[in-house]
Every structure is written in structure tokens, then in C-alpha cells.
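**Student:** I have a structure I would like to understand better, so I am pasting it below and will then ask my questions one at a time.
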Amino acid sequence: MRLQGKIALVTGAGSGIGAETARRMAAQGAIVACTDRRGDTAEATAAQIAAAGGTAQGMTLDVTSTESIAAAVARVVAGHGRLDILVNNAGVTIVGGVAELTEAQWDLELDVNLKSVFRCAKAVWGQMQAQGGGVILNTASIAGITAIPSDAAYCTSKAGVVMLTKCMAIDGAGAKIRVNCVCPGFVETPMIQGYFADQPDPEAARRHAANMHPLGRLGRPTDIADAFVYLASDEASWVTGTALVVDGGLISGLPPG
Ligand SMILES: NC(=O)c1ccc[n+]([C@@H]2O[C@H](COP(=O)([O-])OP(=O)(O)OC[C@H]3O[C@@H](n4cnc5c(N)ncnc54)[C@H](O)[C@@H]3O)[C@@H](O)[C@H]2O)c1
């Protein structure tokens, strides 16, 4: 197994990409702390892992709270003596351009999606240094590379995640802390389903989004989780500072036909 015995903590593990990443890492032998602002959903993911024969623990962790992060990290380290993999995945999306967004919405988006990565990385950095290394993985987005209409705060937050990934990668290299991010295209999760539901014709919006991807479909949480498993594994031992685009070809060019 590719992550045998590794200790992992995943944020936003109660739903979508985070839940699937927790499950896939556990299936590869990792012991996973499934965390989410909604502790009940984190517990549910941990229960699914246990039912499948893996080892996991559900915990409440709000990525906007330094205290909440510190408590969860301390619990993991107290229980296992180390923390090998941190997946900064929790995120929200607040649609709007500069004209529509309020300052409060801007602050919330940047806080949950970007500052959280700084906070969580800071909380594990000393432990990873002391234990001789670790892996930090971040869920960015193609929206951090190419602008999406009426999505200014989200795109900016994810562009920040891409750059913070590179900064942490070079700063962590000497301590053998590898840092990478994944940039998904549109992935079928409750987040994107909520976005479709808000459109005048949700099914047409879903079809349109799928057709924008040259490979002809929306992403599945497993597409992203498998990329995270690779980046967390020793197979990626010479990979750091990368923004791995997993998007069905979305930002490579126009779809065929
Ligand atoms: N779905 C997509 O198309 C897509 C594309 C690119 C990037 N992403 C990114 O993937 C990540 C996961 O999104 P998803 O699509 O699985 O969405 P999701 O809504 O299914 O899951 C997000 C999870 O984050 C949790 N969360 C929100 N705020 C939190 C907080 N303050 N503290 C802790 N947990 C919190 C939610 O409770 C939820 O369980 C996000 O960072 C998102 O921006 C998603």
C-alpha cells in the first residue's frame, strides 16, 4: 500500500473531494484524521473508512480558528507521535464580481480558502521539521490559474493558494517538507451541485459545464483524490512546489467539435 502507516489530517473531509481523499488515503494504508467544521460529517466519513476496514477518527476543525486547528493537530500528534500528511482542502465559494461582492464576503472567502492554508501549515510545520519531514497538500483550483466570470474572490483566493504552495515548497525543502497543490476543473460535489441548483436551468448548466471539459465530463472526487494520493506517496518524493492541473483538459484549450 502506498501510504502504509502514514498519519494524515484532511480538512473539509465531511464532503466531496475531502471525504473521498480521506477514503482513498485510508484505502492506501494511511491513518486518517477526518476533520470538518461540521463534526458530524467528519465522523460519518471516519465511520465509512472504518466500515471499509481502514483506520480513521472524525474531528471538528474550523479552518478559520487557530485554536480549533491547534487542538486537532495536538490530538493527532498525542495519539500517533507524528503527522505525515496535511491536506488543506476545506473551502467555500461565494459567487460575484467586484461590483457585487461585499467586503465581508471577500474577507470570508479569503479567510476560509487562503488564510486557512497558512494557519494549518503553520500549525504542523514545527512537528514536521522535528520529525524529519512531511507532506502538505492544498486544494487549489483551475480558478487560481485562469479567471472565471463573476468569481473574483474565489479566483483570487485560489491563485493565492497556488503561490503559497510554491513559497512553502521552497521554504520547506531543507526540512524535507514537500508542498504541492492540485487544481481541479469542475468536480461533481455538493459545492458544484449547489452552484448548478442556483442557475435558471440546473440541468442545462450541468451539461454546459461538462461539455466545456475536452474529456467530455465533469470531474469525480476520485479524480482529485487519486492525484492527492500520488502527491502524498513516496512516488512523488522529488515533486514539490507543483500545481497539478486535473481538469479533463479544461484550461488547455477549446473542446473538440
Ligand atoms: N467542486 C469543484 O468543482 C471544485 C473545483 C476546484 C476546487 N474545488 C475546491 O475543492 C475543495 C473541496 O470542495 P468540494 O467541491 O468538495 O466542496 P464541498 O462543499 O462538498 O466540501 C467542502 C467541505 O469544506 C467544509 N468547510 C467549509 N468551511 C469550513 C471551515 N471553515 N472549516 C472547516 N471545514 C469547512 C464543508 O463543511 C464541507 O464539508 C474546496 O477548497 C474547493 O474550493 C472544488
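Naming works like this for the C-alpha cells: A, B, ... for the chains as they're shown, residue 1 at the start of each chain, ligands 1 onward in shown order.
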Please write out the residues within 7 Å of ligand 1 as a PyMOL selection string, counting only C-alpha atoms and all ligand atoms.
**Tutor:** chain A and resi 11-18+36-38+41+61-64+89-93+112-113+139-142+183-192
**Student:** Pick out the residues sitting within 10 Å of Arg82 in chain A, and hand them over as a PyMOL selection string; count only C-alpha atoms, and ignore anything fewer than 2 positions along from it in its own chain.
**Tutor:** chain A and resi 6-8+73-74+76-80+84-85+124+127-128+130-131+134
**Student:** Taking into account only C-alpha atoms, which residue in the set A:Pro149, A:Gly160, A:Gly174, A:Gly39 is nearest to Asp111 in chain A?
**Tutor:** A:Gly160
**Student:** If you measure from CA of Asn138 in chain A to CA of Val10 in chain A, what distance in Å do you get, rounded to one decimal?
**Tutor:**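 Separation between CA of Asn138 in chain A and CA of Val10 in chain A: 9.9 Å.
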**Student:** Considering only alpha helix (DSSP H) as DSSP defines it on the backbone, what residues of range 70-207 of chain A qualify? List them as a ChimeraX atom specification.
**Tutor:** /A:70-80,103-110,116-131,152-172,190-197,202-207
**Student:** What does the structure give for the distance between CA of Ala47 in chain A and CA of Arg24 in chain A, in Å to one decimal?
**Tutor:**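 Computing it gives 13.8 Å between the two atoms.
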**Student:** Closest to Cys120 in chain A among A:Cys167, A:Thr55, A:Ser233, A:Ala70, using only C-alpha atoms?
**Tutor:**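 Of all the options, A:Ala70 lies closest to Cys120 in chain A.
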**Student:** Between A:Val135, A:Ala210, A:Val87, A:Ala159, which is the closest to Asp247 in chain A once you count only C-alpha atoms?
**Tutor:**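 Once distances to Asp247 in chain A are computed over only C-alpha atoms, the minimum belongs to A:Ala210.
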**Student:** Quick one: distance from CA of Ala26 in chain A to CA of Leu3 in chain A in Å, one decimal?
**Tutor:**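 A separation of 8.0 Å between them.
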**Student:** Fewer than 3 positions away in the same chain doesn't count, so skip those; otherwise give me all residues within 12 Å of Ala169 in chain A, counting only C-alpha atoms, as a PyMOL selection string.
**Tutor:** chain A and resi 121+125+133-138+161-166+172-181+238-243
**Student:** Based on the backbone DSSP call, show me all residues of range 14-173 of chain A assigned strand (DSSP E), as a PDB file with N, CA and C atoms, in the first residue's frame.
**Tutor:**
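Wrote result_9.pdb, looks like this:
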```
ATOM      1  N   ILE A  31      -3.520   6.322   8.267  1.00  0.00           N
ATOM      2  CA  ILE A  31      -4.413   6.505   9.413  1.00  0.00           C
ATOM      3  C   ILE A  31      -4.871   7.959   9.310  1.00  0.00           C
ATOM      4  N   VAL A  32      -6.188   8.175   9.158  1.00  0.00           N
ATOM      5  CA  VAL A  32      -6.643   9.499   8.744  1.00  0.00           C
ATOM      6  C   VAL A  32      -7.483  10.192   9.816  1.00  0.00           C
ATOM      7  N   ALA A  33      -7.094  11.417  10.138  1.00  0.00           N
ATOM      8  CA  ALA A  33      -7.948  12.295  10.942  1.00  0.00           C
ATOM      9  C   ALA A  33      -8.835  13.048   9.961  1.00  0.00           C
ATOM     10  N   CYS A  34     -10.112  12.688   9.955  1.00  0.00           N
ATOM     11  CA  CYS A  34     -11.075  13.341   9.068  1.00  0.00           C
ATOM     12  C   CYS A  34     -11.622  14.536   9.836  1.00  0.00           C
ATOM     13  N   THR A  35     -11.391  15.731   9.336  1.00  0.00           N
ATOM     14  CA  THR A  35     -11.841  16.910  10.073  1.00  0.00           C
ATOM     15  C   THR A  35     -12.757  17.757   9.203  1.00  0.00           C
ATOM     16  N   ASP A  36     -13.661  18.451   9.867  1.00  0.00           N
ATOM     17  CA  ASP A  36     -14.567  19.348   9.156  1.00  0.00           C
ATOM     18  C   ASP A  36     -15.153  20.328  10.169  1.00  0.00           C
ATOM     19  N   THR A  55      -8.509   2.823   9.139  1.00  0.00           N
ATOM     20  CA  THR A  55      -8.395   3.448  10.452  1.00  0.00           C
ATOM     21  C   THR A  55      -8.566   4.952  10.308  1.00  0.00           C
ATOM     22  N   ALA A  56      -9.538   5.502  11.019  1.00  0.00           N
ATOM     23  CA  ALA A  56      -9.802   6.942  10.919  1.00  0.00           C
ATOM     24  C   ALA A  56     -10.487   7.428  12.179  1.00  0.00           C
ATOM     25  N   GLN A  57     -10.404   8.749  12.339  1.00  0.00           N
ATOM     26  CA  GLN A  57     -11.016   9.392  13.505  1.00  0.00           C
ATOM     27  C   GLN A  57     -11.682  10.662  12.985  1.00  0.00           C
ATOM     28  N   GLY A  58     -12.924  10.903  13.398  1.00  0.00           N
ATOM     29  CA  GLY A  58     -13.597  12.129  12.985  1.00  0.00           C
ATOM     30  C   GLY A  58     -13.384  13.225  14.018  1.00  0.00           C
ATOM     31  N   MET A  59     -13.165  14.449  13.557  1.00  0.00           N
ATOM     32  CA  MET A  59     -12.926  15.573  14.487  1.00  0.00           C
ATOM     33  C   MET A  59     -13.530  16.846  13.933  1.00  0.00           C
ATOM     34  N   THR A  60     -13.959  17.706  14.852  1.00  0.00           N
ATOM     35  CA  THR A  60     -14.395  19.043  14.435  1.00  0.00           C
ATOM     36  C   THR A  60     -13.164  19.930  14.302  1.00  0.00           C
ATOM     37  N   ILE A  85       1.047  13.809   6.790  1.00  0.00           N
ATOM     38  CA  ILE A  85       0.371  14.396   5.625  1.00  0.00           C
ATOM     39  C   ILE A  85      -0.726  15.340   6.095  1.00  0.00           C
ATOM     40  N   LEU A  86      -0.670  16.577   5.627  1.00  0.00           N
ATOM     41  CA  LEU A  86      -1.765  17.530   5.878  1.00  0.00           C
ATOM     42  C   LEU A  86      -2.400  17.849   4.532  1.00  0.00           C
ATOM     43  N   VAL A  87      -3.712  17.688   4.438  1.00  0.00           N
ATOM     44  CA  VAL A  87      -4.416  18.086   3.216  1.00  0.00           C
ATOM     45  C   VAL A  87      -5.317  19.275   3.544  1.00  0.00           C
ATOM     46  N   ASN A  88      -4.927  20.442   3.042  1.00  0.00           N
ATOM     47  CA  ASN A  88      -5.719  21.666   3.225  1.00  0.00           C
ATOM     48  C   ASN A  88      -6.753  21.724   2.112  1.00  0.00           C
ATOM     49  N   GLY A 134       7.663  15.912   5.958  1.00  0.00           N
ATOM     50  CA  GLY A 134       6.221  15.713   5.857  1.00  0.00           C
ATOM     51  C   GLY A 134       5.736  16.200   4.504  1.00  0.00           C
ATOM     52  N   VAL A 135       4.441  16.074   4.321  1.00  0.00           N
ATOM     53  CA  VAL A 135       3.831  16.457   3.048  1.00  0.00           C
ATOM     54  C   VAL A 135       2.638  17.361   3.328  1.00  0.00           C
ATOM     55  N   ILE A 136       2.602  18.512   2.669  1.00  0.00           N
ATOM     56  CA  ILE A 136       1.452  19.407   2.772  1.00  0.00           C
ATOM     57  C   ILE A 136       0.833  19.521   1.376  1.00  0.00           C
ATOM     58  N   LEU A 137      -0.449  19.233   1.297  1.00  0.00           N
ATOM     59  CA  LEU A 137      -1.161  19.267   0.019  1.00  0.00           C
ATOM     60  C   LEU A 137      -2.324  20.248   0.123  1.00  0.00           C
ATOM     61  N   ASN A 138      -2.537  21.009  -0.937  1.00  0.00           N
ATOM     62  CA  ASN A 138      -3.576  22.029  -0.911  1.00  0.00           C
ATOM     63  C   ASN A 138      -4.529  21.845  -2.088  1.00  0.00           C
ATOM     64  N   THR A 139      -5.815  22.042  -1.831  1.00  0.00           N
ATOM     65  CA  THR A 139      -6.770  22.036  -2.937  1.00  0.00           C
ATOM     66  C   THR A 139      -6.876  23.457  -3.470  1.00  0.00           C
TER      67      THR A 139
END
```
**Student:** Do a neighbour search on Ala227 in chain A at 9 Å with only C-alpha atoms, toss out local chain neighbours closer than 3 positions, and write the hits as a list in words.
**Tutor:**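 Here the qualifying residues turn out to be Val182, Thr222, Asp223, Ile224, Tyr230, Leu231, Ala232, Leu244 and Val246 of chain A.
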